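File shown: entry-v1.txt (compact mmCIF, C-alpha atoms (C1' of nucleotides)).
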# COMPACT_ATOMS: atom_id res chain seq x y z
CA MET L 73 8.94 -22.91 1.13
CA THR L 74 8.53 -19.15 1.08
CA MET L 75 12.18 -18.72 2.05
CA GLU L 76 11.38 -15.56 3.88
CA THR L 77 13.49 -16.52 6.85
CA ALA L 78 16.59 -14.42 7.38
CA LYS L 79 19.09 -16.53 9.29
CA THR L 80 21.73 -14.67 11.17
CA THR L 81 25.17 -15.38 9.67
CA PRO L 82 28.59 -13.69 9.74
CA GLU L 83 27.66 -11.77 6.59
CA ARG L 84 24.20 -10.98 7.85
CA PRO L 85 24.44 -10.14 11.52
CA TYR L 86 21.39 -9.84 13.70
CA HIS L 87 21.72 -6.09 13.76
CA HIS L 88 21.70 -4.53 10.35
CA GLY L 89 23.66 -1.44 11.25
CA ASP L 90 21.69 1.16 9.39
CA LEU L 91 18.44 -0.50 8.52
CA ARG L 92 16.49 2.71 8.68
CA ARG L 93 18.58 4.28 5.95
CA ALA L 94 18.55 1.09 3.89
CA ILE L 95 14.76 0.90 3.98
CA LEU L 96 14.43 4.57 3.15
CA SER L 97 16.69 4.39 0.15
CA ALA L 98 15.09 1.22 -1.17
CA ALA L 99 11.71 2.88 -0.77
CA LEU L 100 12.88 5.90 -2.73
CA ASP L 101 14.01 3.65 -5.55
CA VAL L 102 10.68 1.87 -5.72
CA ILE L 103 8.65 5.08 -5.56
CA ALA L 104 10.70 6.79 -8.22
CA ALA L 105 10.27 3.82 -10.52
CA GLU L 106 6.69 2.73 -9.87
CA GLY L 107 5.06 5.25 -7.58
CA PRO L 108 4.05 5.07 -3.93
CA SER L 109 1.26 2.60 -4.59
CA ALA L 110 3.82 -0.03 -5.57
CA LEU L 111 5.51 0.27 -2.21
CA SER L 112 5.47 -2.87 -0.08
CA LEU L 113 7.01 -3.01 3.36
CA ARG L 114 7.65 -6.71 2.99
CA ASP L 115 9.42 -6.14 -0.28
CA LEU L 116 11.61 -3.48 1.28
CA ALA L 117 12.41 -5.88 4.10
CA ARG L 118 13.42 -8.55 1.58
CA ARG L 119 15.69 -6.10 -0.24
CA ALA L 120 17.39 -5.18 3.01
CA GLY L 121 17.69 -8.86 3.93
CA VAL L 122 15.71 -8.59 7.14
CA SER L 123 12.49 -10.12 8.36
CA HIS L 124 9.13 -8.83 7.20
CA ALA L 125 8.32 -6.99 10.42
CA ALA L 126 11.65 -5.23 10.83
CA PRO L 127 10.64 -2.02 9.03
CA ALA L 128 7.81 -1.48 11.45
CA HIS L 129 10.25 -0.98 14.27
CA HIS L 130 11.74 2.06 12.55
CA PHE L 131 8.67 3.55 10.92
CA LYS L 132 5.75 1.98 12.77
CA ASP L 133 3.64 1.96 9.64
CA ARG L 134 3.51 2.30 5.91
CA THR L 135 2.22 5.78 6.61
CA GLY L 136 5.09 6.35 8.99
CA LEU L 137 7.62 5.46 6.33
CA LEU L 138 6.04 7.79 3.81
CA THR L 139 5.79 10.55 6.39
CA ALA L 140 9.49 10.19 7.12
CA ILE L 141 10.21 10.47 3.40
CA ALA L 142 8.10 13.60 3.14
CA ALA L 143 9.86 15.19 6.10
CA GLU L 144 13.26 14.37 4.63
CA GLY L 145 12.10 15.84 1.36
CA HIS L 146 11.12 19.10 2.96
CA ALA L 147 14.48 19.28 4.68
CA LEU L 148 16.24 18.79 1.35
CA LEU L 149 14.02 21.29 -0.42
CA SER L 150 14.33 24.03 2.17
CA ALA L 151 18.09 23.59 2.10
CA ALA L 152 18.08 23.93 -1.67
CA LEU L 153 15.90 27.02 -1.55
CA THR L 154 18.27 28.65 0.90
CA GLU L 155 20.91 28.74 -1.79
CA ALA L 156 18.71 30.64 -4.23
CA THR L 157 19.87 34.14 -5.15
CA ASP L 158 16.51 35.54 -6.19
CA LEU L 159 12.93 34.51 -6.85
CA ARG L 160 13.55 33.16 -10.29
CA ASP L 161 16.52 31.19 -9.04
CA ALA L 162 14.35 29.78 -6.27
CA GLY L 163 12.02 28.47 -8.94
CA VAL L 164 14.91 26.87 -10.76
CA HIS L 165 16.04 25.21 -7.54
CA TYR L 166 12.49 24.03 -6.95
CA VAL L 167 12.36 22.38 -10.36
CA ARG L 168 15.81 20.90 -9.91
CA PHE L 169 14.82 19.43 -6.58
CA ALA L 170 11.79 17.77 -8.15
CA ARG L 171 13.98 16.25 -10.85
CA GLU L 172 16.72 15.09 -8.52
CA HIS L 173 14.38 13.76 -5.85
CA PRO L 174 11.24 12.71 -7.69
CA ALA L 175 10.18 10.22 -5.03
CA HIS L 176 10.46 12.77 -2.24
CA PHE L 177 8.62 15.32 -4.32
CA GLN L 178 5.74 13.04 -5.15
CA VAL L 179 5.25 11.89 -1.58
CA MET L 180 5.53 15.38 -0.11
CA PHE L 181 2.53 16.51 -2.10
CA THR L 182 0.28 13.48 -1.64
CA PRO L 183 -1.34 14.24 1.71
CA GLU L 184 -3.50 11.08 1.79
CA LEU L 185 -0.34 9.07 2.29
CA LEU L 186 0.98 11.09 5.21
CA ARG L 187 0.42 11.43 8.95
CA GLU L 188 -0.45 15.11 8.84
CA ASN L 189 -0.05 15.70 12.55
CA ASP L 190 3.48 14.31 12.64
CA LEU L 191 5.77 16.76 14.40
CA GLU L 192 8.85 16.17 12.28
CA LEU L 193 6.82 16.63 9.12
CA THR L 194 5.05 19.80 10.16
CA THR L 195 8.23 21.52 11.32
CA ALA L 196 10.09 20.54 8.15
CA ARG L 197 7.18 21.75 6.09
CA ALA L 198 7.06 25.05 7.96
CA LEU L 199 10.71 25.60 7.18
CA THR L 200 10.05 25.11 3.47
CA ALA L 201 7.18 27.58 3.64
CA ASP L 202 9.49 30.09 5.30
CA ARG L 203 12.06 29.74 2.56
CA LEU L 204 9.39 30.26 -0.08
CA ARG L 205 8.10 33.38 1.62
CA GLN L 206 11.61 34.66 1.96
CA ALA L 207 12.34 34.14 -1.73
CA VAL L 208 9.28 36.20 -2.60
CA SER L 209 9.98 39.02 -0.18
CA ASP L 210 13.62 39.19 -1.26
CA ARG L 211 12.34 40.30 -4.61
CA GLY L 212 11.18 43.46 -2.89
CA PRO L 213 7.68 44.90 -2.77
CA GLU L 214 6.24 45.62 -6.17
CA PRO L 215 3.77 48.43 -6.60
CA GLY L 216 0.17 47.34 -6.51
CA THR L 217 0.71 43.62 -6.11
CA ASP L 218 -0.13 41.61 -3.04
CA PRO L 219 3.09 39.80 -2.11
CA ARG L 220 1.08 36.85 -0.92
CA LEU L 221 -0.52 36.52 -4.32
CA ALA L 222 2.85 36.87 -5.98
CA GLY L 223 4.06 33.99 -3.86
CA VAL L 224 1.13 31.84 -4.88
CA ALA L 225 1.79 32.70 -8.52
CA ALA L 226 5.46 31.82 -8.35
CA TRP L 227 4.86 28.64 -6.40
CA SER L 228 2.06 27.56 -8.73
CA LEU L 229 4.20 28.08 -11.76
CA ALA L 230 7.20 26.18 -10.42
CA HIS L 231 5.08 23.44 -8.90
CA GLY L 232 2.99 22.98 -12.00
CA PHE L 233 6.01 22.87 -14.24
CA ALA L 234 7.76 20.36 -12.00
CA THR L 235 4.67 18.18 -11.66
CA LEU L 236 3.90 18.12 -15.36
CA LEU L 237 7.54 17.43 -16.06
CA LEU L 238 7.70 14.41 -13.76
CA GLY L 239 4.48 13.10 -15.26
CA HIS L 240 6.03 13.28 -18.72
CA ASN L 241 3.41 15.74 -19.83
CA LEU L 242 5.95 18.18 -21.23
CA ASP L 243 8.09 15.72 -23.14
CA GLY L 244 6.86 17.02 -26.45
CA ALA L 245 7.25 20.67 -25.54
CA VAL L 246 10.70 20.67 -23.97
CA GLY L 247 12.10 18.02 -26.29
CA ASP L 248 15.75 17.42 -25.57
CA GLN L 249 16.33 20.82 -24.06
CA ASP L 250 17.42 21.22 -20.45
CA PRO L 251 14.20 21.54 -18.46
CA GLU L 252 15.74 24.03 -16.07
CA GLU L 253 16.69 26.26 -18.97
CA VAL L 254 13.19 26.01 -20.38
CA PHE L 255 11.84 27.02 -17.01
CA ARG L 256 14.21 29.95 -16.86
CA THR L 257 13.12 31.37 -20.20
CA LEU L 258 9.55 30.66 -19.22
CA THR L 259 9.80 32.79 -16.09
CA GLY L 260 11.43 35.47 -18.17
CA MET L 261 8.34 35.60 -20.31
CA LEU L 262 6.00 36.09 -17.37
CA PHE L 263 7.86 38.02 -14.75
CA GLN L 264 9.06 41.04 -16.63
CA PRO L 265 12.72 41.63 -15.85
CA PRO L 266 13.26 44.95 -14.04
CA SER L 267 15.62 46.05 -16.76
CA ALA L 268 13.55 46.41 -19.90
CA MET D 34 -19.01 -15.26 8.62
CA THR D 35 -17.72 -12.62 6.28
CA MET D 36 -21.24 -12.02 4.96
CA GLU D 37 -19.89 -11.25 1.54
CA THR D 38 -22.54 -13.32 -0.19
CA ALA D 39 -25.00 -11.38 -2.29
CA LYS D 40 -28.12 -13.44 -2.66
CA THR D 41 -30.31 -12.66 -5.57
CA THR D 42 -33.66 -11.30 -4.30
CA PRO D 43 -36.46 -9.22 -5.79
CA GLU D 44 -34.74 -6.06 -4.56
CA ARG D 45 -31.32 -7.25 -5.66
CA PRO D 46 -31.67 -8.96 -9.00
CA TYR D 47 -28.91 -10.97 -10.55
CA HIS D 48 -28.20 -8.24 -13.03
CA HIS D 49 -27.39 -4.92 -11.46
CA GLY D 50 -28.53 -2.75 -14.29
CA ASP D 51 -25.73 -0.24 -14.38
CA LEU D 52 -22.98 -1.77 -12.35
CA ARG D 53 -20.26 -0.09 -14.34
CA ARG D 54 -21.56 3.36 -13.46
CA ALA D 55 -22.17 2.37 -9.84
CA ILE D 56 -18.60 1.14 -9.43
CA LEU D 57 -17.21 4.22 -11.11
CA SER D 58 -19.12 6.63 -8.95
CA ALA D 59 -18.29 4.76 -5.75
CA ALA D 60 -14.65 4.77 -6.79
CA LEU D 61 -14.75 8.53 -7.35
CA ASP D 62 -16.15 9.02 -3.87
CA VAL D 63 -13.42 6.95 -2.28
CA ILE D 64 -10.63 8.59 -4.26
CA ALA D 65 -11.88 12.09 -3.53
CA ALA D 66 -12.00 11.31 0.16
CA GLU D 67 -8.94 9.13 0.73
CA GLY D 68 -6.95 9.04 -2.47
CA PRO D 69 -6.40 6.30 -5.04
CA SER D 70 -4.32 4.20 -2.68
CA ALA D 71 -7.37 3.62 -0.51
CA LEU D 72 -9.26 2.14 -3.43
CA SER D 73 -10.30 -1.49 -3.03
CA LEU D 74 -12.18 -3.37 -5.71
CA ARG D 75 -13.75 -5.61 -3.11
CA ASP D 76 -14.94 -2.62 -1.14
CA LEU D 77 -16.50 -1.11 -4.25
CA ALA D 78 -18.21 -4.42 -4.94
CA ARG D 79 -19.62 -4.44 -1.41
CA ARG D 80 -20.94 -0.90 -1.82
CA ALA D 81 -22.67 -1.84 -5.03
CA GLY D 82 -24.06 -4.99 -3.43
CA VAL D 83 -22.42 -7.39 -5.82
CA SER D 84 -19.90 -10.16 -5.44
CA HIS D 85 -16.22 -9.44 -5.05
CA ALA D 86 -15.30 -10.41 -8.61
CA ALA D 87 -18.03 -8.50 -10.38
CA PRO D 88 -16.01 -5.31 -10.97
CA ALA D 89 -13.39 -7.26 -12.87
CA HIS D 90 -15.85 -8.02 -15.61
CA HIS D 91 -16.28 -4.33 -16.39
CA PHE D 92 -12.77 -3.07 -15.77
CA LYS D 93 -10.59 -6.17 -15.89
CA ASP D 94 -8.22 -4.74 -13.32
CA ARG D 95 -7.65 -2.16 -10.68
CA THR D 96 -5.54 -0.44 -13.31
CA GLY D 97 -8.39 -0.80 -15.77
CA LEU D 98 -10.77 0.97 -13.43
CA LEU D 99 -8.37 3.83 -12.86
CA THR D 100 -7.66 4.08 -16.57
CA ALA D 101 -11.39 4.36 -17.25
CA ILE D 102 -11.61 7.14 -14.68
CA ALA D 103 -8.72 9.00 -16.27
CA ALA D 104 -10.28 8.71 -19.72
CA GLU D 105 -13.60 9.98 -18.42
CA GLY D 106 -11.77 12.82 -16.74
CA HIS D 107 -10.12 13.87 -19.97
CA ALA D 108 -13.46 13.82 -21.72
CA LEU D 109 -14.94 16.08 -19.05
CA LEU D 110 -11.95 18.40 -19.08
CA SER D 111 -11.79 18.79 -22.83
CA ALA D 112 -15.51 19.53 -22.87
CA ALA D 113 -15.02 22.19 -20.21
CA LEU D 114 -12.11 23.75 -22.07
CA THR D 115 -14.20 23.99 -25.22
CA GLU D 116 -16.41 26.49 -23.47
CA ALA D 117 -13.55 28.81 -22.61
CA THR D 118 -13.63 32.22 -24.26
CA ASP D 119 -9.93 33.00 -24.04
CA LEU D 120 -6.70 31.72 -22.53
CA ARG D 121 -7.31 33.11 -19.09
CA ASP D 122 -10.81 31.70 -19.09
CA ALA D 123 -9.40 28.34 -20.09
CA GLY D 124 -7.23 28.47 -16.99
CA VAL D 125 -10.24 29.27 -14.87
CA HIS D 126 -12.10 26.32 -16.36
CA TYR D 127 -9.08 24.12 -15.71
CA VAL D 128 -9.05 25.09 -12.04
CA ARG D 129 -12.79 24.68 -11.78
CA PHE D 130 -12.57 21.21 -13.27
CA ALA D 131 -9.98 20.21 -10.71
CA ARG D 132 -12.19 21.43 -7.91
CA GLU D 133 -15.37 19.86 -9.21
CA HIS D 134 -13.76 16.56 -10.16
CA PRO D 135 -10.83 16.13 -7.77
CA ALA D 136 -10.77 12.36 -8.10
CA HIS D 137 -10.63 12.46 -11.88
CA PHE D 138 -7.97 15.15 -11.76
CA GLN D 139 -5.74 13.27 -9.38
CA VAL D 140 -5.96 10.02 -11.31
CA MET D 141 -5.44 11.66 -14.69
CA PHE D 142 -2.06 12.92 -13.60
CA THR D 143 -0.77 9.86 -11.79
CA PRO D 144 0.65 7.81 -14.65
CA GLU D 145 1.86 4.90 -12.50
CA LEU D 146 -1.76 4.00 -11.88
CA LEU D 147 -2.77 3.92 -15.54
CA ARG D 148 -2.54 1.62 -18.54
CA GLU D 149 -0.72 4.09 -20.73
CA ASN D 150 -1.32 2.24 -23.98
CA ASP D 151 -5.08 2.15 -23.49
CA LEU D 152 -6.80 3.39 -26.63
CA GLU D 153 -9.70 5.18 -24.96
CA LEU D 154 -7.30 6.98 -22.65
CA THR D 155 -4.86 8.12 -25.30
CA THR D 156 -7.55 9.47 -27.59
CA ALA D 157 -9.29 11.30 -24.74
CA ARG D 158 -5.96 12.70 -23.66
CA ALA D 159 -5.15 13.84 -27.18
CA LEU D 160 -8.41 15.73 -27.30
CA THR D 161 -7.52 17.58 -24.11
CA ALA D 162 -4.14 18.47 -25.52
CA ASP D 163 -5.83 19.83 -28.62
CA ARG D 164 -8.11 22.04 -26.56
CA LEU D 165 -5.16 23.38 -24.63
CA ARG D 166 -3.25 24.19 -27.79
CA GLN D 167 -6.29 25.84 -29.22
CA ALA D 168 -6.77 28.02 -26.14
CA VAL D 169 -3.19 29.23 -26.50
CA SER D 170 -3.36 29.90 -30.22
CA ASP D 171 -6.70 31.69 -29.86
CA ARG D 172 -4.85 34.30 -27.88
CA GLY D 173 -3.07 35.19 -31.08
CA PRO D 174 0.63 35.24 -31.75
CA GLU D 175 2.55 37.53 -29.45
CA PRO D 176 5.71 39.21 -30.63
CA GLY D 177 8.86 37.40 -29.71
CA THR D 178 7.33 34.57 -27.69
CA ASP D 179 7.30 30.94 -28.66
CA PRO D 180 3.64 29.88 -28.53
CA ARG D 181 4.69 26.44 -27.38
CA LEU D 182 6.47 27.96 -24.41
CA ALA D 183 3.50 30.18 -23.69
CA GLY D 184 1.37 27.07 -23.60
CA VAL D 185 3.70 25.40 -21.15
CA ALA D 186 3.66 28.51 -18.99
CA ALA D 187 -0.10 28.75 -18.93
CA TRP D 188 -0.57 25.04 -18.32
CA SER D 189 2.05 25.01 -15.57
CA LEU D 190 0.42 27.91 -13.81
CA ALA D 191 -3.08 26.48 -13.93
CA HIS D 192 -1.94 22.96 -13.12
CA GLY D 193 0.26 24.05 -10.25
CA PHE D 194 -2.45 26.22 -8.77
CA ALA D 195 -5.02 23.45 -9.05
CA THR D 196 -2.67 20.84 -7.60
CA LEU D 197 -1.60 22.96 -4.66
CA LEU D 198 -5.20 23.89 -4.05
CA LEU D 199 -6.39 20.28 -3.90
CA GLY D 200 -3.50 19.44 -1.59
CA HIS D 201 -4.60 22.20 0.77
CA ASN D 202 -1.31 23.97 0.31
CA LEU D 203 -2.94 27.30 -0.43
CA ASP D 204 -5.47 27.34 2.38
CA GLY D 205 -3.61 30.05 4.19
CA ALA D 206 -3.10 32.22 1.12
CA VAL D 207 -6.56 32.13 -0.40
CA GLY D 208 -8.38 32.08 2.92
CA ASP D 209 -12.11 32.17 2.39
CA GLN D 210 -11.90 33.81 -1.01
CA ASP D 211 -13.19 32.08 -4.10
CA PRO D 212 -10.22 30.16 -5.52
CA GLU D 213 -11.27 30.85 -9.08
CA GLU D 214 -11.30 34.55 -8.38
CA VAL D 215 -7.88 34.35 -6.81
CA PHE D 216 -6.63 32.56 -9.87
CA ARG D 217 -8.14 35.20 -12.10
CA THR D 218 -6.38 38.07 -10.36
CA LEU D 219 -3.25 35.97 -10.30
CA THR D 220 -3.21 35.56 -14.05
CA GLY D 221 -3.86 39.28 -14.35
CA MET D 222 -0.62 39.90 -12.49
CA LEU D 223 1.44 37.75 -14.80
CA PHE D 224 -0.11 38.01 -18.21
CA GLN D 225 -0.22 41.74 -18.67
CA PRO D 226 -3.63 42.79 -19.91
CA PRO D 227 -3.46 44.41 -23.37
CA SER D 228 -5.00 47.57 -22.00
CA ALA D 229 -2.48 49.09 -19.61
C1' DT V 148 33.55 -8.23 35.26
C1' DG V 149 28.94 -9.12 35.37
C1' DC V 150 24.15 -7.83 34.99
C1' DG V 151 20.12 -5.67 33.80
C1' DA V 152 17.52 -2.89 30.80
C1' DC V 153 16.65 -1.42 26.43
C1' DA V 154 16.92 -1.39 21.37
C1' DA V 155 16.91 -4.15 17.22
C1' DC V 156 15.22 -7.82 15.03
C1' DT V 157 12.46 -12.45 14.30
C1' DT V 158 8.51 -15.55 14.32
C1' DG V 159 3.83 -16.42 13.95
C1' DA V 160 -0.71 -15.26 13.15
C1' DC V 161 -4.95 -12.87 11.22
C1' DA V 162 -7.81 -10.32 8.22
C1' DC V 163 -7.72 -8.25 3.96
C1' DT V 164 -6.62 -7.65 -0.98
C1' DG V 165 -6.15 -8.44 -6.36
C1' DA V 166 -6.35 -11.87 -9.58
C1' DC V 167 -7.69 -16.02 -11.83
C1' DA V 168 -10.65 -20.11 -13.11
C1' DA V 169 -14.93 -22.22 -13.41
C1' DG V 170 -19.74 -22.28 -12.79
C1' DA V 171 -24.53 -20.10 -12.46
C1' DT V 172 -28.10 -16.84 -14.12
C1' DT V 173 -30.22 -13.84 -17.22
C1' DG V 174 -31.77 -11.32 -21.26
C1' DC V 175 -31.84 -11.29 -26.13
C1' DC V 176 -32.02 -12.52 -30.93
C1' DC V 177 -32.83 -15.74 -34.62
C1' DG N 283 -38.37 -21.91 -27.80
C1' DG N 284 -33.35 -22.69 -28.01
C1' DG N 285 -29.02 -21.34 -27.89
C1' DC N 286 -25.68 -17.86 -26.87
C1' DA N 287 -23.21 -14.16 -25.09
C1' DA N 288 -23.04 -10.92 -21.38
C1' DT N 289 -23.33 -10.51 -16.61
C1' DC N 290 -22.60 -11.96 -12.17
C1' DT N 291 -21.14 -15.65 -8.40
C1' DT N 292 -18.24 -18.96 -5.95
C1' DG N 293 -13.96 -20.72 -4.70
C1' DT N 294 -9.19 -20.34 -4.32
C1' DC N 295 -4.32 -18.62 -4.23
C1' DA N 296 -0.40 -15.80 -3.24
C1' DG N 297 0.74 -11.52 -1.35
C1' DT N 298 0.17 -7.63 1.99
C1' DG N 299 -0.08 -4.62 6.52
C1' DT N 300 -0.33 -4.98 11.19
C1' DC N 301 -0.24 -6.75 15.75
C1' DA N 302 1.59 -9.72 19.66
C1' DA N 303 5.12 -12.24 21.62
C1' DG N 304 9.56 -14.09 21.69
C1' DT N 305 15.12 -13.66 20.62
C1' DT N 306 19.33 -11.62 20.16
C1' DG N 307 22.59 -8.14 20.74
C1' DT N 308 24.46 -3.78 23.01
C1' DC N 309 25.66 -0.67 26.34
C1' DG N 310 25.73 1.69 30.73
C1' DC N 311 26.58 1.01 35.41
C1' DA N 312 27.58 -1.30 39.82
Please go through the file and, once you have read it, give me the structure as structure tokens.
Amino acid sequence: MTMETAKTTPERPYHHGDLRRAILSAALDVIAAEGPSALSLRDLARRAGVSHAAPAHHFKDRTGLLTAIAAEGHALLSAALTEATDLRDAGVHYVRFAREHPAHFQVMFTPELLRENDLELTTARALTADRLRQAVSDRGPEPGTDPRLAGVAAWSLAHGFATLLLGHNLDGAVGDQDPEEVFRTLTGMLFQPPSA
Amino acid sequence: MTMETAKTTPERPYHHGDLRRAILSAALDVIAAEGPSALSLRDLARRAGVSHAAPAHHFKDRTGLLTAIAAEGHALLSAALTEATDLRDAGVHYVRFAREHPAHFQVMFTPELLRENDLELTTARALTADRLRQAVSDRGPEPGTDPRLAGVAAWSLAHGFATLLLGHNLDGAVGDQDPEEVFRTLTGMLFQPPSA
DNA sequence: TGCGACAACTTGACACTGACAAGATTGCCC
DNA sequence: GGGCAATCTTGTCAGTGTCAAGTTGTCGCA
């Protein structure tokens, strides 16, 4: 009486059409709402109207699904960073990405959930790293500062802000202001603008 | 044949003695090694040599256990922050806490895993927030900067650095250097020292 | 047009998990 | 010493991930 059977009917053909995408997007919904730990492959299958083992064919594993999400996230993020005009703008794009794709963001930075040696993931991640490096070097060499350290500083700031934001740890501080604007003024405080 | 029975013998008395602490510390080990998603109450019970339902009596829930860990983490962190001499030092203590108590740190900032209305947690968390505010205000009011924003900036930087560090995202950048030292020089770059 | 191979999906099973209810054991306090 | 509450056990249930084996559909190619 579990009613888990998924009979094939005119409305529900044997082949779903784009099951992979359907599972992915359902997974993103769940993760954004309740975190990765609430993710259940069987639940995703039910939402897509397929049998409980169907997801495995596309993602092999729970880990496989999450790895695919992380890789997609890196692709989205690196694309967003490409549009940045300067280092500060890259930070703003970073924060915006975290807000617009919270599920991706969370999974990307939770290594226990991922297959670290996955090819798609590592290449996508390398691309993101490239974009970050590029954003830092675009700023031009500053006297007496290791560019690598500057990159770590900028990344830490943006990542910390985004993470705390998603965890609702800054609700009191930012209030009803636009988080991106807060971040912008915040970077202005730290990174002295060239024009004083 | 699951061998999950735990007969009461001279070496294994009916009452464990300090089961709560034993479960907590086993949980911290697991989380530090494989993340919170790998946590199993039954596994913890096995490690402590008690029956599978024993943990529930101390923590009620999986969520209860994680909430207790988060509360303990906040107690440890606020204590560490109390020892800080100035804002930069508070950041160093923050990073050190994350490195010394990675499991606590991770759980503290994963709200989906916690019982947010838990009294012990909210009070412990409030104490941490107080210590952070205090570290910022100790620095003294700076001209033309909102102290609240300065607090967000400092917290974001420390939190981002700690998070990226634990996720092994800075391995390449910090190399074999002491992370705390890297963080110290990093803050020196951003927060201009009073003596130029 | 037919056929064969492959991809997509289903069915069934197994071990494991969190949670709950009910019972057993123990230490402790009056 | 007798009860009583805290601690721990046993038994059970629904739900989960994963594997193996079978079905159904699709598409290229003779």
Within 9 Å of stretch 67-73 of chain D: each stretch 125-197 of chain L residue with its shortest pair, only C-alpha atoms, as a tab-separated table:
residue	atom	partner	partner_atom	distance
L:Thr182	CA	D:Gly68	CA	8.5
L:Pro183	CA	D:Gly68	CA	8.7
L:Glu184	CA	D:Gly68	CA	5.8
L:Leu185	CA	D:Ser70	CA	8.0
Write the residues you've just listed into a file as an mmCIF file, in the frame of the given file, and include C-alpha atoms for each of them.
data_model
loop_
_atom_site.group_PDB
_atom_site.id
_atom_site.type_symbol
_atom_site.label_atom_id
_atom_site.label_comp_id
_atom_site.auth_asym_id
_atom_site.auth_seq_id
_atom_site.Cartn_x
_atom_site.Cartn_y
_atom_site.Cartn_z
ATOM 1 C CA THR L 182 0.280 13.480 -1.640
ATOM 2 C CA PRO L 183 -1.340 14.240 1.710
ATOM 3 C CA GLU L 184 -3.500 11.080 1.790
ATOM 4 C CA LEU L 185 -0.340 9.070 2.290
#
Write out as number ranges by chain the residues lying within 9 Å of N:DT300, counting all atoms listed in the file and excluding same-chain residues fewer than 6 positions away. L: 125, 128, 133
Dump C-alpha atoms for the selected residues as a PDB file, keeping the file's coordinate frame?
ATOM      1  CA  ALA L 125       8.320  -6.990  10.420  1.00  0.00           C
ATOM      2  CA  ALA L 128       7.810  -1.480  11.450  1.00  0.00           C
ATOM      3  CA  ASP L 133       3.640   1.960   9.640  1.00  0.00           C
TER       4      ASP L 133
END
If we count all atoms listed in the file and set the cut-off at 12 Å, which residues sit around N:DG310, ignoring sequence neighbours fewer than 4 positions away in its own chain? Please answer as an NGL selection string. :V and (150-153)
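Restricting the calculation to all atoms listed in the file, the smallest distance between chain D and any of L:Pro219, L:Gly239, L:Gly247, L:Gly136 is found for L:Gly239.
Picture a line from atom CA of L:Asp161 to atom CA of L:Leu149; it runs 13.4 Å.
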